[in-house]
file query.cif (mmCIF, C-alpha atoms and all ligand atoms)
data_structure
loop_
_atom_site.label_atom_id
_atom_site.label_comp_id
_atom_site.auth_asym_id
_atom_site.auth_seq_id
_atom_site.Cartn_x
_atom_site.Cartn_y
_atom_site.Cartn_z
CA MET A 22 -0.28 40.01 -15.72
CA LYS A 23 -1.82 39.44 -19.17
CA LYS A 24 -3.36 36.02 -19.83
CA LYS A 25 -1.08 34.13 -22.22
CA VAL A 26 -2.28 33.53 -25.77
CA LYS A 27 -2.08 29.78 -26.41
CA TRP A 28 -0.84 29.13 -29.94
CA GLY A 29 -1.30 25.95 -31.97
CA LEU A 30 0.82 25.44 -35.08
CA ILE A 31 -0.81 23.90 -38.13
CA GLY A 32 2.11 22.69 -40.22
CA ALA A 33 5.39 21.33 -38.89
CA SER A 34 7.40 23.63 -41.12
CA ARG A 35 10.83 25.22 -41.31
CA ILE A 36 9.50 28.79 -41.03
CA ALA A 37 7.72 27.89 -37.81
CA ALA A 38 10.87 26.31 -36.40
CA GLU A 39 13.23 29.08 -37.44
CA TRP A 40 11.18 32.22 -36.93
CA ILE A 41 7.68 31.85 -35.51
CA ILE A 42 8.21 29.55 -32.51
CA PRO A 43 11.04 31.82 -31.25
CA ALA A 44 8.85 34.91 -31.88
CA ILE A 45 5.90 33.45 -29.93
CA ARG A 46 8.27 32.62 -27.08
CA GLU A 47 9.96 36.01 -27.21
CA ALA A 48 6.61 37.62 -26.40
CA THR A 49 5.96 37.40 -22.68
CA ASP A 50 2.22 37.03 -23.32
CA SER A 51 2.13 33.96 -25.56
CA GLU A 52 3.16 30.32 -25.65
CA VAL A 53 3.25 27.43 -28.12
CA VAL A 54 1.09 24.62 -26.79
CA ALA A 55 0.48 22.34 -29.78
CA VAL A 56 1.60 21.44 -33.28
CA GLN A 57 -0.09 19.54 -36.09
CA GLY A 58 1.63 17.77 -38.99
CA SER A 59 0.23 15.21 -41.39
CA ASP A 60 2.78 12.51 -40.49
CA LYS A 61 2.39 11.24 -36.91
CA ASP A 62 6.00 10.19 -36.32
CA ARG A 63 7.40 13.32 -37.92
CA VAL A 64 5.17 15.72 -35.99
CA GLU A 65 5.91 13.97 -32.68
CA LYS A 66 9.63 14.26 -33.38
CA TYR A 67 9.16 17.94 -34.33
CA ALA A 68 7.25 18.60 -31.10
CA ARG A 69 10.01 16.97 -29.02
CA ALA A 70 12.75 18.86 -30.88
CA HIS A 71 11.02 22.19 -30.23
CA GLY A 72 9.70 21.52 -26.73
CA ILE A 73 6.00 21.69 -27.75
CA PRO A 74 3.73 19.83 -25.29
CA LEU A 75 1.09 18.44 -27.70
CA ALA A 76 1.47 16.88 -31.17
CA PHE A 77 -1.45 16.00 -33.45
CA SER A 78 -1.68 14.46 -36.89
CA SER A 79 -5.27 15.68 -37.35
CA VAL A 80 -6.15 19.37 -37.79
CA ASP A 81 -9.52 18.80 -36.12
CA ASP A 82 -7.86 17.30 -33.03
CA LEU A 83 -5.62 20.34 -32.72
CA LEU A 84 -8.64 22.62 -33.13
CA ALA A 85 -10.48 20.69 -30.40
CA SER A 86 -7.59 21.30 -28.00
CA ASP A 87 -7.20 24.34 -25.76
CA VAL A 88 -5.65 26.78 -28.24
CA ASP A 89 -6.70 30.41 -28.74
CA ALA A 90 -4.94 31.05 -32.04
CA VAL A 91 -3.42 29.03 -34.84
CA TYR A 92 -0.47 29.80 -37.09
CA ILE A 93 -0.87 28.02 -40.44
CA SER A 94 2.35 27.28 -42.32
CA ASN A 95 1.85 24.04 -44.18
CA THR A 96 2.06 23.93 -47.99
CA ASN A 97 0.12 26.62 -49.83
CA GLU A 98 -2.89 24.57 -50.94
CA LYS A 99 -3.71 23.72 -47.31
CA HIS A 100 -3.78 27.31 -46.02
CA ALA A 101 -7.38 28.21 -46.90
CA PRO A 102 -9.05 24.91 -45.95
CA CYS A 103 -7.22 24.90 -42.60
CA ALA A 104 -7.97 28.57 -41.96
CA ILE A 105 -11.66 28.10 -42.70
CA ARG A 106 -11.86 25.11 -40.35
CA ALA A 107 -10.00 27.01 -37.65
CA LEU A 108 -12.26 30.07 -37.95
CA GLN A 109 -15.34 27.83 -37.88
CA ALA A 110 -13.94 26.30 -34.68
CA GLY A 111 -13.67 29.80 -33.15
CA LYS A 112 -9.87 30.18 -33.34
CA HIS A 113 -8.00 33.33 -34.33
CA VAL A 114 -5.86 32.71 -37.42
CA LEU A 115 -2.43 33.95 -38.46
CA ASP A 116 -2.03 32.48 -41.94
CA GLU A 117 1.11 32.18 -43.99
CA LYS A 118 1.27 33.67 -47.44
CA PRO A 119 -0.35 33.14 -49.84
CA MET A 120 -3.38 33.29 -47.55
CA ALA A 121 -5.24 31.10 -50.06
CA MET A 122 -4.82 29.92 -53.63
CA SER A 123 -8.02 31.57 -54.88
CA VAL A 124 -9.61 34.96 -54.34
CA LYS A 125 -12.89 33.23 -53.53
CA ASP A 126 -11.35 31.28 -50.64
CA ALA A 127 -9.58 34.36 -49.32
CA GLN A 128 -12.84 36.33 -49.43
CA ALA A 129 -14.58 33.50 -47.56
CA MET A 130 -11.90 33.66 -44.85
CA VAL A 131 -12.25 37.43 -44.48
CA GLY A 132 -16.04 37.13 -44.29
CA LEU A 133 -15.93 34.31 -41.75
CA ALA A 134 -13.48 36.13 -39.47
CA SER A 135 -15.65 39.23 -39.57
CA ASP A 136 -18.89 37.30 -38.90
CA LYS A 137 -17.36 35.48 -35.96
CA GLY A 138 -15.47 38.46 -34.52
CA LEU A 139 -12.13 36.63 -34.84
CA VAL A 140 -8.73 38.02 -35.73
CA LEU A 141 -7.37 37.06 -39.15
CA GLY A 142 -3.84 38.09 -40.13
CA VAL A 143 -1.38 37.14 -42.86
CA ASN A 144 2.35 36.81 -42.30
CA HIS A 145 3.67 39.28 -44.86
CA HIS A 146 6.56 40.00 -42.52
CA LEU A 147 8.24 42.66 -44.68
CA ARG A 148 5.84 45.33 -43.38
CA SER A 149 7.26 44.73 -39.93
CA MET A 150 10.80 45.60 -40.94
CA ASN A 151 12.15 48.96 -39.92
CA SER A 152 13.69 49.40 -43.39
CA HIS A 153 10.29 49.28 -45.06
CA ARG A 154 8.67 51.40 -42.37
CA LYS A 155 11.32 54.02 -43.12
CA LEU A 156 10.58 53.84 -46.87
CA ARG A 157 6.86 54.26 -46.22
CA GLU A 158 7.65 57.26 -44.02
CA LEU A 159 9.82 58.84 -46.75
CA VAL A 160 6.92 58.52 -49.20
CA ALA A 161 4.18 59.64 -46.80
CA ASP A 162 6.19 62.62 -45.48
CA GLY A 163 6.88 63.88 -48.99
CA VAL A 164 10.68 63.61 -48.65
CA LEU A 165 10.86 62.05 -52.11
CA GLY A 166 8.38 64.53 -53.62
CA ASP A 167 5.87 63.15 -56.10
CA LEU A 168 6.79 59.62 -57.10
CA VAL A 169 7.61 59.17 -60.78
CA ALA A 170 8.45 55.45 -60.91
CA VAL A 171 9.23 52.49 -58.66
CA ARG A 172 11.32 49.34 -59.15
CA ILE A 173 11.32 46.25 -56.99
CA MET A 174 13.74 43.34 -57.46
CA PHE A 175 13.15 40.16 -55.44
CA GLY A 176 15.77 37.94 -57.04
CA VAL A 177 17.42 35.12 -55.08
CA LEU A 178 18.92 31.73 -55.74
CA LEU A 179 16.36 29.58 -53.97
CA PRO A 180 18.29 27.43 -51.48
CA GLN A 181 18.18 23.70 -52.19
CA ALA A 182 16.36 23.11 -48.89
CA ASN A 183 13.51 25.38 -50.00
CA ARG A 184 12.91 23.60 -53.32
CA GLY A 185 10.70 20.49 -53.55
CA TRP A 186 7.00 21.39 -53.34
CA ARG A 187 7.82 25.10 -53.84
CA THR A 188 9.40 24.49 -57.27
CA GLU A 189 7.76 21.25 -58.36
CA SER A 190 4.16 20.91 -57.24
CA ALA A 191 1.60 23.04 -59.06
CA ASP A 192 -1.09 21.54 -56.79
CA ALA A 193 0.75 22.87 -53.73
CA GLY A 194 1.00 26.37 -55.24
CA ALA A 195 4.57 26.17 -56.51
CA GLY A 196 6.21 29.03 -58.35
CA VAL A 197 7.10 32.66 -58.00
CA PHE A 198 3.60 34.16 -57.99
CA PHE A 199 2.51 32.50 -54.74
CA ASP A 200 5.95 32.73 -53.15
CA LEU A 201 7.49 36.11 -54.05
CA SER A 202 4.82 38.10 -55.93
CA VAL A 203 2.42 38.08 -52.98
CA HIS A 204 5.15 39.51 -50.73
CA ASP A 205 6.05 42.22 -53.26
CA ALA A 206 2.39 43.10 -53.70
CA ASP A 207 1.87 43.57 -49.98
CA LEU A 208 5.08 45.56 -49.60
CA LEU A 209 4.28 47.87 -52.51
CA HIS A 210 0.76 48.50 -51.18
CA PHE A 211 2.27 49.30 -47.76
CA VAL A 212 5.16 51.53 -48.86
CA LEU A 213 3.20 53.41 -51.54
CA GLY A 214 0.01 53.73 -49.49
CA GLU A 215 -2.07 52.82 -52.52
CA LYS A 216 -2.97 49.73 -54.47
CA ILE A 217 -1.92 48.45 -57.87
CA THR A 218 -4.83 48.34 -60.30
CA GLN A 219 -3.34 47.03 -63.55
CA ILE A 220 -0.56 44.57 -64.35
CA ALA A 221 1.18 42.94 -67.33
CA ALA A 222 3.69 40.13 -66.87
CA PHE A 223 6.01 37.62 -68.52
CA THR A 224 7.58 34.51 -67.01
CA SER A 225 10.52 32.27 -67.75
CA ASN A 226 11.92 28.99 -66.51
CA ASN A 227 15.67 28.86 -65.88
CA GLY A 228 15.81 25.30 -64.61
CA ILE A 229 15.11 25.94 -60.92
CA SER A 230 11.37 25.20 -61.15
CA ALA A 231 9.95 22.12 -62.84
CA GLN A 232 8.76 22.33 -66.46
CA GLY A 233 5.63 24.46 -66.77
CA ILE A 234 6.23 26.34 -63.49
CA GLU A 235 7.82 29.79 -63.58
CA ASP A 236 11.01 30.55 -61.67
CA THR A 237 11.30 34.14 -62.92
CA VAL A 238 8.74 36.89 -63.46
CA ALA A 239 9.01 40.38 -64.99
CA ALA A 240 5.98 42.61 -64.64
CA ILE A 241 4.95 46.20 -65.10
CA ALA A 242 2.09 47.65 -63.15
CA ARG A 243 0.17 50.85 -62.51
CA THR A 244 -1.27 52.08 -59.23
CA GLU A 245 -4.56 53.85 -58.46
CA SER A 246 -2.82 57.22 -58.84
CA GLY A 247 -1.14 56.23 -62.13
CA LEU A 248 2.33 55.54 -60.70
CA LEU A 249 4.38 53.08 -62.79
CA VAL A 250 6.02 50.09 -61.11
CA GLN A 251 8.54 47.58 -62.49
CA ILE A 252 8.72 44.20 -60.77
CA THR A 253 11.38 41.50 -61.18
CA GLU A 254 11.19 38.28 -59.16
CA SER A 255 13.27 35.15 -59.42
CA PHE A 256 14.32 31.91 -57.74
CA ALA A 257 17.26 31.72 -60.16
CA MET A 258 19.50 34.72 -59.43
CA GLN A 259 22.67 33.69 -57.69
CA HIS A 260 24.52 36.98 -57.81
CA ALA A 261 21.87 39.62 -57.21
CA LYS A 262 20.81 41.52 -54.13
CA THR A 263 17.15 42.27 -53.54
CA SER A 264 16.21 45.92 -53.86
CA LEU A 265 13.48 48.53 -53.88
CA GLU A 266 13.94 51.87 -55.63
CA LEU A 267 11.54 54.80 -55.24
CA HIS A 268 12.17 57.65 -57.66
CA GLY A 269 10.53 60.97 -56.83
CA THR A 270 10.70 64.58 -57.96
CA LYS A 271 12.74 65.63 -54.88
CA ALA A 272 14.86 62.52 -54.27
CA SER A 273 15.35 58.86 -55.09
CA ALA A 274 15.52 56.22 -52.36
CA PHE A 275 17.59 53.08 -52.94
CA ALA A 276 17.02 50.18 -50.56
CA GLU A 277 19.26 47.15 -51.02
CA ASP A 278 19.26 43.65 -49.52
CA VAL A 279 15.95 44.35 -47.82
CA LEU A 280 13.59 41.62 -49.03
CA LEU A 281 14.72 38.68 -46.93
CA GLN A 282 13.59 36.91 -43.77
CA ARG A 283 16.37 38.33 -41.63
CA ALA A 284 16.42 42.04 -40.91
CA GLY A 285 19.17 44.01 -42.60
CA GLY A 286 20.13 45.93 -45.69
CA THR A 287 20.76 49.56 -46.47
CA ILE A 288 18.81 52.61 -47.58
CA SER A 289 20.30 55.68 -49.18
CA LEU A 290 18.80 58.86 -50.54
CA SER A 291 20.05 60.29 -53.79
CA ILE A 292 19.59 64.01 -54.40
CA ASP A 293 21.14 65.50 -57.54
CA GLY A 294 23.29 62.40 -57.83
CA SER A 295 24.84 62.51 -54.32
CA ARG A 296 24.03 59.54 -52.12
CA VAL A 297 23.36 59.96 -48.41
CA PRO A 298 22.96 56.83 -46.26
CA ILE A 299 19.94 56.66 -43.96
CA ALA A 300 20.44 55.05 -40.55
CA ILE A 301 18.10 52.15 -39.78
CA GLU A 302 17.85 50.38 -36.45
CA HIS A 303 17.20 46.85 -37.70
CA SER A 304 15.13 44.44 -35.67
CA ASN A 305 13.66 40.99 -36.31
CA ALA A 306 10.25 41.36 -38.02
CA TYR A 307 8.55 38.23 -36.70
CA PRO A 308 8.21 39.22 -33.01
CA ARG A 309 6.45 42.38 -34.21
CA VAL A 310 4.01 40.25 -36.23
CA ILE A 311 3.26 38.05 -33.20
CA GLY A 312 3.15 40.95 -30.72
CA ALA A 313 0.58 42.85 -32.79
CA PHE A 314 -1.47 39.69 -33.29
CA ASN A 315 -1.50 38.90 -29.55
CA ASP A 316 -2.60 42.48 -28.86
CA SER A 317 -5.35 42.36 -31.46
CA ILE A 318 -6.79 39.20 -29.89
CA ARG A 319 -7.25 41.30 -26.75
CA GLY A 320 -8.93 44.02 -28.76
CA GLU A 321 -5.86 46.26 -28.75
CA GLY A 322 -5.04 47.31 -32.31
CA ARG A 323 -4.99 45.10 -35.39
CA PRO A 324 -2.61 42.61 -36.99
CA VAL A 325 0.24 44.19 -38.96
CA VAL A 326 -1.26 42.64 -42.10
CA THR A 327 -5.00 41.99 -41.91
CA GLY A 328 -7.01 39.44 -43.88
CA GLU A 329 -8.16 42.30 -46.16
CA ASP A 330 -4.52 43.27 -46.81
CA GLY A 331 -3.66 39.64 -47.58
CA LEU A 332 -6.63 39.44 -49.95
CA ALA A 333 -5.38 42.52 -51.83
CA SER A 334 -1.89 41.06 -52.29
CA LEU A 335 -3.28 37.70 -53.35
CA LYS A 336 -5.52 39.40 -55.95
CA LEU A 337 -2.50 41.15 -57.45
CA ALA A 338 -0.39 37.97 -57.59
CA ILE A 339 -3.24 36.08 -59.25
CA ALA A 340 -3.78 38.96 -61.69
CA ALA A 341 -0.06 38.88 -62.57
CA ARG A 342 -0.27 35.13 -63.20
CA GLU A 343 -3.32 35.67 -65.40
CA ALA A 344 -1.51 38.45 -67.28
CA ALA A 345 1.44 36.14 -67.96
CA ARG A 346 -0.85 33.32 -69.06
CA THR A 347 -2.91 35.42 -71.46
CA GLY A 348 -0.42 38.04 -72.59
CA GLN A 349 -3.01 40.68 -71.65
CA VAL A 350 -2.95 43.60 -69.25
CA VAL A 351 -5.13 42.51 -66.31
CA ALA A 352 -7.16 44.88 -64.15
CA VAL A 353 -7.19 44.19 -60.40
CA ASP A 354 -10.46 44.60 -58.57
CA THR A 355 -9.41 46.56 -55.49
CA MET A 356 -12.91 47.03 -54.14
CA ARG A 357 -14.08 43.64 -52.79
P1 LIG B 401 8.38 23.45 -45.31
O1 LIG B 401 8.68 22.74 -46.57
O2 LIG B 401 9.41 23.46 -44.24
O3 LIG B 401 7.05 22.88 -44.64
C1 LIG B 401 5.80 22.89 -45.30
C2 LIG B 401 5.09 21.57 -45.06
O4 LIG B 401 5.74 20.54 -45.78
C3 LIG B 401 5.10 21.12 -43.61
O5 LIG B 401 4.08 21.74 -42.91
C4 LIG B 401 4.93 19.60 -43.76
O6 LIG B 401 3.56 19.32 -44.00
C5 LIG B 401 5.69 19.32 -45.05
N1 LIG B 401 7.07 18.89 -44.75
C6 LIG B 401 8.13 19.67 -44.46
N2 LIG B 401 9.24 18.95 -44.28
C7 LIG B 401 8.86 17.67 -44.47
C8 LIG B 401 9.55 16.43 -44.41
N3 LIG B 401 10.86 16.37 -44.12
N4 LIG B 401 8.85 15.30 -44.62
C9 LIG B 401 7.53 15.35 -44.92
N5 LIG B 401 6.82 16.51 -44.99
C10 LIG B 401 7.48 17.63 -44.77
O7 LIG B 401 7.91 24.89 -45.73
P2 LIG B 401 8.40 26.36 -45.38
O8 LIG B 401 8.63 26.54 -43.93
O9 LIG B 401 9.48 26.75 -46.30
O10 LIG B 401 7.09 27.18 -45.84
C11 LIG B 401 5.85 26.94 -45.21
C12 LIG B 401 4.87 28.05 -45.55
O11 LIG B 401 5.36 29.27 -45.05
C13 LIG B 401 4.66 28.27 -47.05
O12 LIG B 401 3.32 28.54 -47.28
C14 LIG B 401 5.50 29.50 -47.38
O13 LIG B 401 4.93 30.25 -48.41
C15 LIG B 401 5.48 30.23 -46.07
N6 LIG B 401 6.71 30.99 -45.80
C16 LIG B 401 6.61 32.28 -45.39
C17 LIG B 401 7.71 33.02 -45.09
C18 LIG B 401 7.57 34.40 -44.53
O14 LIG B 401 8.56 34.99 -44.16
N7 LIG B 401 6.38 34.94 -44.44
C19 LIG B 401 9.07 32.46 -45.26
C20 LIG B 401 9.07 31.06 -45.62
C21 LIG B 401 7.92 30.37 -45.89
P3 LIG B 401 2.57 18.84 -42.84
O15 LIG B 401 2.84 19.76 -41.70
O16 LIG B 401 1.23 19.01 -43.41
O17 LIG B 401 2.96 17.44 -42.53
#

call {"tool": "encode", "arguments": {"input": "query.cif", "output": "C-alpha cells"}}
result
Amino acid sequence: MKKKVKWGLIGASRIAAEWIIPAIREATDSEVVAVQGSDKDRVEKYARAHGIPLAFSSVDDLLASDVDAVYISNTNEKHAPCAIRALQAGKHVLDEKPMAMSVKDAQAMVGLASDKGLVLGVNHHLRSMNSHRKLRELVADGVLGDLVAVRIMFGVLLPQANRGWRTESADAGAGVFFDLSVHDADLLHFVLGEKITQIAAFTSNNGISAQGIEDTVAAIARTESGLLVQITESFAMQHAKTSLELHGTKASAFAEDVLLQRAGGTISLSIDGSRVPIAIEHSNAYPRVIGAFNDSIRGEGRPVVTGEDGLASLKLAIAAREAARTGQVVAVDTMR
C-alpha cells in the first residue's frame, strides 16, 4: 500500500472546508493531519468541526509538525510568504490562486521549489474539469480548424459570503484581477495551448467592490500566434452564465456555465449554424488536483498546474491590471 501523504492546511478557509478537505480524504493515499489559522479559538473550532487532529495558530509550528505537503488558502497577500516559508522548511506546496501578488515572489517560489526538489502546484482547478479538457482536445485535434477568435465570460454575482476581504481589502489582493483574471489566464493558456503576449483592459465599479477596487473587467488580448481573445469578468452580473466560445474555420464551440467550482455546464459545436451538443462526463475537479499532486510527490507525473503555469497566469493578470491602470497595451513576458 502507498504511504499516505500527510497534508497540513495553511488557512482555515471556506474553500478548504468545502472542496479540498473532502478531496484529500477522497484520495486513498492522503490525509489531513493539521490546520493553521491566525486566530487560535477559531482554528481550534475549525479543526474540531472538520475532524482534523492538530490545530496551530502559527505557520512555523505547523511547518515543524509531521506534514509532507501544505495547501495554502488564506487571503491572497499571505500566499507567497507562507509558500516560501513552507518550501524553505522542505514541504511540498499546493498554493491557492493567485500564487503570489507579485511576479518577483512567484519567481522566487518557482526557483526555490526547483532548487530544493520540491513539488509546487497552483490550484487553478478549471484545468481539471472534463469540460475544459474536451475544449482543449477540440482545439488540439483540429476539429475547430484554425482559430479565428475566442471569447471568455466569467461574470457572476459574487455571493455575499464571498465578499469582505475579496471586495474591500486592496492589501489582501481584492478585486477581479487576482480572483477571476488569474483563472481565465490559466484556462486560456491550457485550452489554446499557447500563451497570451499582449493585453489591453478597462475596469469599472458597479458597487460590489469598495471604491477604487474593480468589480468588472473588459480586456482584449493577443496570443503568441496572433489569435484575438476577448475577456469579460465581473463580480456584479446577477443574470449571466459563464461561457467560453472558440470560433474556428471549421466549427465554433460554445461552452456555457463552465467556469464555476462545481463541475457542470454544456458544450455544443456549431457548424454552418447548426448546433450539436457534445456529451461530457462531468466529475469534481478537486480530487483530480489532489490526486495528481500526491502522485507528483512520489515522482509520478506533475501537478495539473505547476508553479511555472501559475507564474504565467499571474503575469497575465498583473499585465491586465497594469493595462487598465495606464490605458496602454501591455506586453507579457512569457519567457521567465
Ligand atoms: P475565506 O474568506 O473563507 O478564508 C480566507 C481566510 O480568511 C482564512 O484563511 C482566515 O484567515 C480568514 N477568515 C475566514 N473566515 C474568517 C472568520 N469568520 N473570522 C476571521 N477570519 C476569517 O476565503 P476563501 O475560501 O473564499 O478563499 C481562500 C483562498 O482560496 C483565496 O486565495 C481564493 O482566491 C482562493 N479560492 C480558490 C478557489 C478555487 O477554486 N481555486 C475558489 C475559492 C477561493 P486565517 O486562516 O489566516 O486565520

call {"tool": "residues_near_ligand", "arguments": {"input": "query.cif", "ligand": "ligand LIG 401 (chain B)", "cutoff": "7 Å", "atoms": "all atoms listed in the file", "output": "list in words"}}
result
Ile31, Gly32, Ala33, Ser34, Arg35, Ile36, Ala37, Gln57, Gly58, Ser59, Asp60, Ser94, Asn95, Thr96, Asn97, Glu117, Lys118, Pro119, Asn144, His145, His146, Asn183, Asp200 and Gln282 of chain A

call {"tool": "closest_residue", "arguments": {"input": "query.cif", "among": "A:Leu141, A:Glu215, A:Ala313, A:Ala121", "to": "Ala338 in chain A", "atoms": "only C-alpha atoms"}}
result
A:Ala121

call {"tool": "closest_residue", "arguments": {"input": "query.cif", "among": "A:Asp116, A:Asp136, A:Glu302, A:Glu52", "to": "Asn151 in chain A", "atoms": "only C-alpha atoms"}}
result
A:Glu302

call {"tool": "residues_around", "arguments": {"input": "query.cif", "residues": "Lys27 in chain A", "least_positions_apart": "3", "cutoff": "7 Å", "atoms": "only C-alpha atoms", "output": "ChimeraX atom specification"}}
result
/A:51-54,88-90

call {"tool": "closest_residue", "arguments": {"input": "query.cif", "among": "A:Lys23, A:His100, A:His153, A:Lys271", "to": "Asp167 in chain A", "atoms": "all atoms listed in the file"}}
result
A:Lys271

call {"tool": "atom_distance", "arguments": {"input": "query.cif", "atom1": "CA of Val279 in chain A", "atom2": "CA of Phe314 in chain A"}}
result
23.2 Å

call {"tool": "closest_residue", "arguments": {"input": "query.cif", "among": "A:Ile93, A:Leu139, A:Glu254, A:Ile292", "to": "Arg323 in chain A", "atoms": "all atoms listed in the file"}}
result
A:Leu139

call {"tool": "residues_around", "arguments": {"input": "query.cif", "residues": "Gln219 in chain A", "least_positions_apart": "5", "cutoff": "8 Å", "atoms": "all atoms listed in the file", "output": "ChimeraX atom specification"}}
result
/A:242-244,350-353
